[in-house]
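Peer 1: Before anything else, here's the structure in question.
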Amino acid sequence: MRTYEKDIVTISVVNYACRYGDKEANLKGICGYVEALARRGSDIIVLPEVALCGYDNQRDITDPKQKNQQLLAEQVPGPSSNAVAEITKKYGVYAVFGMTERASDGKVYNAAVACGPEGVIGSYHKIHLPKEEVYWAERGEEPFLFDTPWGPVGVGICYDVYWFPELFRYYRARGARLCLNPTIVAKEEVPGEVCRLALEHTAITSSVYIASAGMTGLGLHSHGLGGSSIIGPSMKLGDAYYYAGRPFHGKDSDQEEVFTATVDLSLADHVSDWVLYYENPETGAMDWRPELYQKWSKEIVDRHEW
């Protein structure tokens with residue numbers, strides 16, 4: 001079983017009301033939250049998907065280059081990520097927030113940027129794009145883990161997490177006991193109950209802590225449900241526990257608010273009877289069998305059956 005420098009961590013997630021298209025105001029808000037929460041003792045701070053620019057697609061604009069998300073995209077490192085990194089360096093904390101990133105080849109991605117005590121760490125590009133995101137973003141290709149004293153931390157964004165459990169399962173197998181989910185669940189488009197169940201299911205079946213930060217407020221044509229929460233393994237076998245926050249569609253889940261919890265990540269390895277990532281003493285092997293899944297996936301890829 002792996003050992004880590006630290007187990008006890010204080011995490012904050014922000015139900016953030018993004019001002020659509022107002023990057024200056026949003027950066028001020030993001031920096032303000034990161035600094036305030038760092039001063040309150042948080043170690044890891046998470047803000048929502050595309051918190052820097054806003055989410056909704058401008059349906060009346062057909063040219064992707066003229067859409068809000070592309071006009072406000074930046075490189076990483078860049079002005080906004082550097083501004084957040086100055087705060088994380090000052091206070092020795094980690095922060096992850098959503099923005100649109102313009103890569104060196106000019107492509108724009110729905111990204112989550114990680115900053116830490118040494119500055120800008122890097123970014124994750126959303127791999128799975130639903131519905132209208134394809135009109136302003138490219139699909140990412142790589143998972144993203146960053147190192148902390150609490151072990152590696154994995155990042156996914158919204159659709160990546162609710163519909164594709166493979167990503168967080170991969171992170172967990174790589175040693176991550178905590179995964180982060182910058183997200184927006186829109187009342188008009190996505191059933192919040194489905195997303196709630198997906199987070200709880202992943203926390204249970206992968207025995208992992210999930211810090212999910214949701215967008216709230218009005219965009220162009222959607223209303224964010226918020227639903228920021230910190231979920232993890234429960235002392236009750238087969239259950240997920242809310243250490244802080246509100247489920248999607250819960251009472252006041254869409255209010256701009258901060259939720260903070262101090263958790264013991266070592267529970268991820270000790271509260272479950274299922275031996276997914278370590279040797280099962282009864283069989284001498286992991287219960288999880290990636291060699292079989294690799295074989296099955298290759299068959300599908302080779303046959304182009306999708």
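Residues in the structure tokens are numbered from 1 in each chain, the chains being A, B, ... in the order shown, and ligands are numbered from 1 in the order shown.
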When DSSP works through the backbone of this structure, what residues of range 21-252 of chain A end up as alpha helix (DSSP H), shown as an MDAnalysis selection string?

Peer 2: chainID A and resid 23:39 68:71 79:91 159:162 166:173 192:205

Peer 1: For range 76-79 of chain A, work out the shell of residues within 12 Å, counting only C-alpha atoms and skipping chain neighbours fewer than 5 positions away, then give it as a ChimeraX atom specification.

Peer 2: /A:23-24,27,52,84-86,98-104,108-109,111-115,119-125

Peer 1: Can I get the selected residues back with N, CA and C atoms, as a PDB file, in the first residue's frame?

Peer 2:
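Result file is out-v4.pdb:
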```pdb
ATOM      1  N   LYS A  23     -14.310  39.067 -18.090  1.00  0.00           N
ATOM      2  CA  LYS A  23     -13.133  38.387 -17.565  1.00  0.00           C
ATOM      3  C   LYS A  23     -12.494  39.148 -16.413  1.00  0.00           C
ATOM      4  N   GLU A  24     -12.472  40.454 -16.485  1.00  0.00           N
ATOM      5  CA  GLU A  24     -11.857  41.251 -15.420  1.00  0.00           C
ATOM      6  C   GLU A  24     -12.574  41.040 -14.090  1.00  0.00           C
ATOM      7  N   LEU A  27     -11.963  37.360 -12.861  1.00  0.00           N
ATOM      8  CA  LEU A  27     -10.627  37.147 -12.313  1.00  0.00           C
ATOM      9  C   LEU A  27     -10.511  37.775 -10.928  1.00  0.00           C
ATOM     10  N   LEU A  52     -13.734  31.830 -15.618  1.00  0.00           N
ATOM     11  CA  LEU A  52     -13.121  33.080 -16.053  1.00  0.00           C
ATOM     12  C   LEU A  52     -13.923  33.797 -17.133  1.00  0.00           C
ATOM     13  N   VAL A  84      -3.464  34.259 -10.363  1.00  0.00           N
ATOM     14  CA  VAL A  84      -3.854  33.291  -9.332  1.00  0.00           C
ATOM     15  C   VAL A  84      -2.612  32.664  -8.709  1.00  0.00           C
ATOM     16  N   ALA A  85      -1.617  32.373  -9.524  1.00  0.00           N
ATOM     17  CA  ALA A  85      -0.394  31.741  -9.021  1.00  0.00           C
ATOM     18  C   ALA A  85       0.352  32.624  -8.028  1.00  0.00           C
ATOM     19  N   GLU A  86       0.278  33.940  -8.198  1.00  0.00           N
ATOM     20  CA  GLU A  86       0.928  34.828  -7.228  1.00  0.00           C
ATOM     21  C   GLU A  86       0.332  34.637  -5.835  1.00  0.00           C
ATOM     22  N   GLY A  98     -11.542  27.062 -13.705  1.00  0.00           N
ATOM     23  CA  GLY A  98     -11.818  26.828 -15.110  1.00  0.00           C
ATOM     24  C   GLY A  98     -11.676  28.084 -15.964  1.00  0.00           C
ATOM     25  N   MET A  99     -11.171  27.892 -17.187  1.00  0.00           N
ATOM     26  CA  MET A  99     -11.029  28.977 -18.158  1.00  0.00           C
ATOM     27  C   MET A  99     -10.929  28.346 -19.543  1.00  0.00           C
ATOM     28  N   THR A 100     -10.881  29.173 -20.570  1.00  0.00           N
ATOM     29  CA  THR A 100     -10.576  28.663 -21.902  1.00  0.00           C
ATOM     30  C   THR A 100      -9.116  28.967 -22.193  1.00  0.00           C
ATOM     31  N   GLU A 101      -8.423  27.941 -22.674  1.00  0.00           N
ATOM     32  CA  GLU A 101      -6.986  28.056 -22.919  1.00  0.00           C
ATOM     33  C   GLU A 101      -6.691  28.001 -24.412  1.00  0.00           C
ATOM     34  N   ARG A 102      -5.873  28.939 -24.871  1.00  0.00           N
ATOM     35  CA  ARG A 102      -5.419  28.923 -26.256  1.00  0.00           C
ATOM     36  C   ARG A 102      -4.039  28.278 -26.298  1.00  0.00           C
ATOM     37  N   ALA A 103      -3.943  27.134 -26.954  1.00  0.00           N
ATOM     38  CA  ALA A 103      -2.683  26.418 -27.049  1.00  0.00           C
ATOM     39  C   ALA A 103      -1.747  27.103 -28.046  1.00  0.00           C
ATOM     40  N   SER A 104      -0.514  26.650 -28.077  1.00  0.00           N
ATOM     41  CA  SER A 104       0.481  27.269 -28.955  1.00  0.00           C
ATOM     42  C   SER A 104       0.132  27.136 -30.428  1.00  0.00           C
ATOM     43  N   VAL A 108      -8.342  26.139 -29.095  1.00  0.00           N
ATOM     44  CA  VAL A 108      -8.892  26.576 -27.810  1.00  0.00           C
ATOM     45  C   VAL A 108      -9.532  25.379 -27.113  1.00  0.00           C
ATOM     46  N   TYR A 109      -9.255  25.276 -25.809  1.00  0.00           N
ATOM     47  CA  TYR A 109      -9.743  24.152 -25.013  1.00  0.00           C
ATOM     48  C   TYR A 109     -10.516  24.652 -23.799  1.00  0.00           C
ATOM     49  N   ALA A 111     -10.539  24.336 -20.257  1.00  0.00           N
ATOM     50  CA  ALA A 111      -9.402  23.924 -19.441  1.00  0.00           C
ATOM     51  C   ALA A 111      -9.640  24.181 -17.965  1.00  0.00           C
ATOM     52  N   ALA A 112      -8.944  23.401 -17.147  1.00  0.00           N
ATOM     53  CA  ALA A 112      -8.868  23.643 -15.707  1.00  0.00           C
ATOM     54  C   ALA A 112      -7.401  23.854 -15.381  1.00  0.00           C
ATOM     55  N   VAL A 113      -7.079  25.000 -14.818  1.00  0.00           N
ATOM     56  CA  VAL A 113      -5.697  25.372 -14.534  1.00  0.00           C
ATOM     57  C   VAL A 113      -5.390  25.109 -13.066  1.00  0.00           C
ATOM     58  N   ALA A 114      -4.249  24.486 -12.816  1.00  0.00           N
ATOM     59  CA  ALA A 114      -3.798  24.215 -11.450  1.00  0.00           C
ATOM     60  C   ALA A 114      -2.615  25.119 -11.121  1.00  0.00           C
ATOM     61  N   CYS A 115      -2.711  25.795  -9.984  1.00  0.00           N
ATOM     62  CA  CYS A 115      -1.630  26.630  -9.472  1.00  0.00           C
ATOM     63  C   CYS A 115      -1.267  26.151  -8.067  1.00  0.00           C
ATOM     64  N   GLY A 119       3.899  28.133  -8.204  1.00  0.00           N
ATOM     65  CA  GLY A 119       3.379  28.897  -9.332  1.00  0.00           C
ATOM     66  C   GLY A 119       2.407  28.095 -10.172  1.00  0.00           C
ATOM     67  N   VAL A 120       2.324  28.406 -11.461  1.00  0.00           N
ATOM     68  CA  VAL A 120       1.427  27.685 -12.366  1.00  0.00           C
ATOM     69  C   VAL A 120       1.970  26.272 -12.569  1.00  0.00           C
ATOM     70  N   ILE A 121       1.133  25.279 -12.284  1.00  0.00           N
ATOM     71  CA  ILE A 121       1.544  23.877 -12.423  1.00  0.00           C
ATOM     72  C   ILE A 121       1.282  23.372 -13.828  1.00  0.00           C
ATOM     73  N   GLY A 122       0.105  23.673 -14.362  1.00  0.00           N
ATOM     74  CA  GLY A 122      -0.277  23.189 -15.677  1.00  0.00           C
ATOM     75  C   GLY A 122      -1.775  23.215 -15.828  1.00  0.00           C
ATOM     76  N   SER A 123      -2.285  22.539 -16.852  1.00  0.00           N
ATOM     77  CA  SER A 123      -3.719  22.574 -17.108  1.00  0.00           C
ATOM     78  C   SER A 123      -4.208  21.253 -17.671  1.00  0.00           C
ATOM     79  N   TYR A 124      -5.479  21.012 -17.434  1.00  0.00           N
ATOM     80  CA  TYR A 124      -6.189  19.861 -17.998  1.00  0.00           C
ATOM     81  C   TYR A 124      -7.131  20.355 -19.072  1.00  0.00           C
ATOM     82  N   HIS A 125      -7.170  19.659 -20.202  1.00  0.00           N
ATOM     83  CA  HIS A 125      -8.082  19.981 -21.297  1.00  0.00           C
ATOM     84  C   HIS A 125      -9.223  18.978 -21.295  1.00  0.00           C
TER      85      HIS A 125
END
```

Peer 1: Can you measure CA of Leu197 in chain A to CA of Ala240 in chain A for me? One decimal in Å is fine.

Peer 2: 10.0 Å

Peer 1: Nearest to Asn57 in chain A: which of A:Pro165, A:Gly41, A:Gly219, A:Pro152 is it, counting only C-alpha atoms?

Peer 2: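 When distances to Asn57 in chain A are compared using only C-alpha atoms, the smallest one comes from A:Gly219.
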
Peer 1: I'd like the neighbourhood of Gly232 in chain A as a ChimeraX atom specification, where a residue qualifies if any of its atoms comes within 8 Å (using only C-alpha atoms), though same-chain residues fewer than 3 positions away should be ignored.

Peer 2: /A:200,203-204,207-210,240-243,268

Peer 1: Quick one: of A:Met215, A:Leu167, A:Val153, A:Val46, who's nearest to Glu141 in chain A, counting only C-alpha atoms?

Peer 2: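 Ranking A:Met215, A:Leu167, A:Val153, A:Val46 by distance to Glu141 in chain A, first place goes to A:Leu167.
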
Peer 1: Closest to Leu199 in chain A among A:Ser229, A:Arg177, A:Ala186, A:His223, using only C-alpha atoms?

Peer 2: A:Ser229

Peer 1: Please provide as a list in words all residues within 12 Å of Pro191 in chain A, with the sequence filter that same-chain residues fewer than 4 positions apart are discarded (counting only C-alpha atoms).

Peer 2: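 Once the adjacent positions are removed, what remains is Tyr162, Ile184, Val185, Ala186, Lys187, Cys195, Arg196, Leu197, Ala198, Gly224, Leu225, Phe248 and His249 of chain A.
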
Peer 1: Would you export the selected residues with N, CA and C atoms as a tab-separated table (two decimals), in the first residue's frame, please?

Peer 2:
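Wrote selection-v9.tsv, looks like this:
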```
chain	number	residue	atom	x	y	z
A	162	TYR	N	-19.23	12.77	-14.93
A	162	TYR	CA	-20.56	12.20	-14.75
A	162	TYR	C	-20.83	11.01	-15.65
A	184	ILE	N	-20.22	22.88	-14.44
A	184	ILE	CA	-21.48	23.63	-14.45
A	184	ILE	C	-22.57	22.66	-14.86
A	185	VAL	N	-23.58	22.54	-14.02
A	185	VAL	CA	-24.77	21.76	-14.33
A	185	VAL	C	-25.91	22.76	-14.50
A	186	ALA	N	-26.40	22.88	-15.72
A	186	ALA	CA	-27.42	23.87	-16.03
A	186	ALA	C	-28.82	23.31	-15.80
A	187	LYS	N	-29.64	24.07	-15.11
A	187	LYS	CA	-31.00	23.63	-14.79
A	187	LYS	C	-31.79	23.30	-16.04
A	195	CYS	N	-26.36	13.75	-12.17
A	195	CYS	CA	-24.99	14.15	-11.82
A	195	CYS	C	-24.69	13.85	-10.35
A	196	ARG	N	-25.67	14.07	-9.49
A	196	ARG	CA	-25.49	13.74	-8.07
A	196	ARG	C	-25.20	12.25	-7.90
A	197	LEU	N	-26.00	11.42	-8.54
A	197	LEU	CA	-25.81	9.99	-8.43
A	197	LEU	C	-24.46	9.54	-8.99
A	198	ALA	N	-24.03	10.19	-10.08
A	198	ALA	CA	-22.74	9.82	-10.68
A	198	ALA	C	-21.59	10.11	-9.73
A	224	GLY	N	-27.16	28.10	-13.63
A	224	GLY	CA	-26.32	27.10	-12.99
A	224	GLY	C	-26.92	26.61	-11.68
A	225	LEU	N	-26.89	25.29	-11.48
A	225	LEU	CA	-27.44	24.71	-10.27
A	225	LEU	C	-26.49	24.76	-9.08
A	248	PHE	N	-26.83	18.68	-6.06
A	248	PHE	CA	-27.59	19.37	-7.10
A	248	PHE	C	-29.08	19.25	-6.82
A	249	HIS	N	-29.80	20.35	-7.01
A	249	HIS	CA	-31.23	20.42	-6.76
A	249	HIS	C	-31.57	20.40	-5.27
```

Peer 1: For range 144-149 of chain A, work out the shell of residues within 12 Å, counting only C-alpha atoms and skipping chain neighbours fewer than 4 positions away, then give it as a PyMOL selection string.

Peer 2: chain A and resi 3-9+43-44+92-96+111-118+120-127+140+153-157+167-168+170-180+265

Peer 1: Given the selection you just returned, output its residues as a file containing C-alpha atoms, formatted as an mmCIF file, in the first residue's frame.

Peer 2:
```cif
data_model
loop_
_atom_site.group_PDB
_atom_site.id
_atom_site.type_symbol
_atom_site.label_atom_id
_atom_site.label_comp_id
_atom_site.auth_asym_id
_atom_site.auth_seq_id
_atom_site.Cartn_x
_atom_site.Cartn_y
_atom_site.Cartn_z
ATOM 1 C CA THR A 3 2.384 5.950 1.740
ATOM 2 C CA TYR A 4 1.997 9.721 1.532
ATOM 3 C CA GLU A 5 3.631 12.683 3.227
ATOM 4 C CA LYS A 6 0.288 13.921 4.584
ATOM 5 C CA ASP A 7 -3.251 12.554 4.979
ATOM 6 C CA ILE A 8 -5.262 15.378 6.573
ATOM 7 C CA VAL A 9 -6.201 18.155 4.132
ATOM 8 C CA ASP A 43 -4.969 23.810 1.422
ATOM 9 C CA ILE A 44 -6.759 23.117 -1.881
ATOM 10 C CA GLY A 92 1.590 28.026 -0.096
ATOM 11 C CA VAL A 93 -1.743 26.585 -1.282
ATOM 12 C CA TYR A 94 -3.194 24.904 -4.367
ATOM 13 C CA ALA A 95 -6.010 26.287 -6.512
ATOM 14 C CA VAL A 96 -7.804 24.952 -9.595
ATOM 15 C CA ALA A 111 -9.402 23.924 -19.441
ATOM 16 C CA ALA A 112 -8.868 23.643 -15.707
ATOM 17 C CA VAL A 113 -5.697 25.372 -14.534
ATOM 18 C CA ALA A 114 -3.798 24.215 -11.450
ATOM 19 C CA CYS A 115 -1.630 26.630 -9.472
ATOM 20 C CA GLY A 116 0.425 25.843 -6.374
ATOM 21 C CA PRO A 117 3.164 27.004 -4.029
ATOM 22 C CA GLU A 118 5.677 27.076 -6.890
ATOM 23 C CA VAL A 120 1.427 27.685 -12.366
ATOM 24 C CA ILE A 121 1.544 23.877 -12.423
ATOM 25 C CA GLY A 122 -0.277 23.189 -15.677
ATOM 26 C CA SER A 123 -3.719 22.574 -17.108
ATOM 27 C CA TYR A 124 -6.189 19.861 -17.998
ATOM 28 C CA HIS A 125 -8.082 19.981 -21.297
ATOM 29 C CA LYS A 126 -11.615 18.591 -21.132
ATOM 30 C CA ILE A 127 -11.596 15.299 -23.014
ATOM 31 C CA GLY A 140 -8.523 17.240 -25.031
ATOM 32 C CA VAL A 153 -4.528 14.903 -7.358
ATOM 33 C CA GLY A 154 -6.518 14.242 -10.538
ATOM 34 C CA VAL A 155 -8.674 16.694 -12.496
ATOM 35 C CA GLY A 156 -11.733 16.145 -14.689
ATOM 36 C CA ILE A 157 -14.357 18.597 -15.918
ATOM 37 C CA LEU A 167 -10.984 8.954 -15.926
ATOM 38 C CA PHE A 168 -11.271 9.038 -12.151
ATOM 39 C CA TYR A 170 -7.415 5.880 -13.851
ATOM 40 C CA TYR A 171 -6.438 8.618 -11.408
ATOM 41 C CA ARG A 172 -7.288 6.422 -8.430
ATOM 42 C CA ALA A 173 -5.166 3.597 -9.808
ATOM 43 C CA ARG A 174 -2.295 6.080 -10.185
ATOM 44 C CA GLY A 175 -2.489 6.812 -6.462
ATOM 45 C CA ALA A 176 -4.866 9.798 -6.326
ATOM 46 C CA ARG A 177 -7.098 9.719 -3.251
ATOM 47 C CA LEU A 178 -8.615 13.105 -4.186
ATOM 48 C CA CYS A 179 -10.028 14.166 -7.570
ATOM 49 C CA LEU A 180 -11.344 17.600 -8.531
ATOM 50 C CA LEU A 265 -7.646 10.957 2.813
#
```

Peer 1: From the list A:Gly238, A:Gly250, A:Gly214, A:Pro281, which residue is nearest Ser12 in chain A when using only C-alpha atoms?

Peer 2: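 Under the stated criterion, the closest residue is A:Gly214.
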
Peer 1: Can you check which residues of range 150-179 of chain A DSSP gives as strand (DSSP E) on the backbone and send them as a PyMOL selection string?

Peer 2: chain A and resi 153-155+178-179

Peer 1: Quick one, how far is CA of Trp150 in chain A from CA of Asp264 in chain A?

Peer 2: 9.9 Å

Peer 1: Tell me which protein, DNA and RNA residues are within 10 Å of Pro130 in chain A, counting only C-alpha atoms, leaving out same-chain ones fewer than 6 positions away, and put them as a list in words.

Peer 2: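 Counting only C-alpha atoms, the residues come to Cys158, Tyr159 and Asp160 of chain A.
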
Peer 1: In Å to one decimal, how far is CA of Ser212 in chain A from CA of Arg139 in chain A?

Peer 2: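 Value for the CA of Arg139 in chain A-CA of Ser212 in chain A distance: 21.1 Å.
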
Peer 1: Rank A:Val263, A:Ala83, A:Ala17, A:Leu71 by their smallest atom-to-atom distance to Val34 in chain A, using only C-alpha atoms, and report the top residue only.

Peer 2: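 Among the listed residues, the smallest separation from Val34 in chain A belongs to A:Ala83.
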
Peer 1: Identify which of the residues A:Lys107, A:Arg246, A:Lys236, A:Lys295 lies closest to His270 in chain A, counting only C-alpha atoms when measuring atom-to-atom distances.

Peer 2: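 Of A:Lys107, A:Arg246, A:Lys236, A:Lys295, the one nearest His270 in chain A is A:Lys236, counting only C-alpha atoms.
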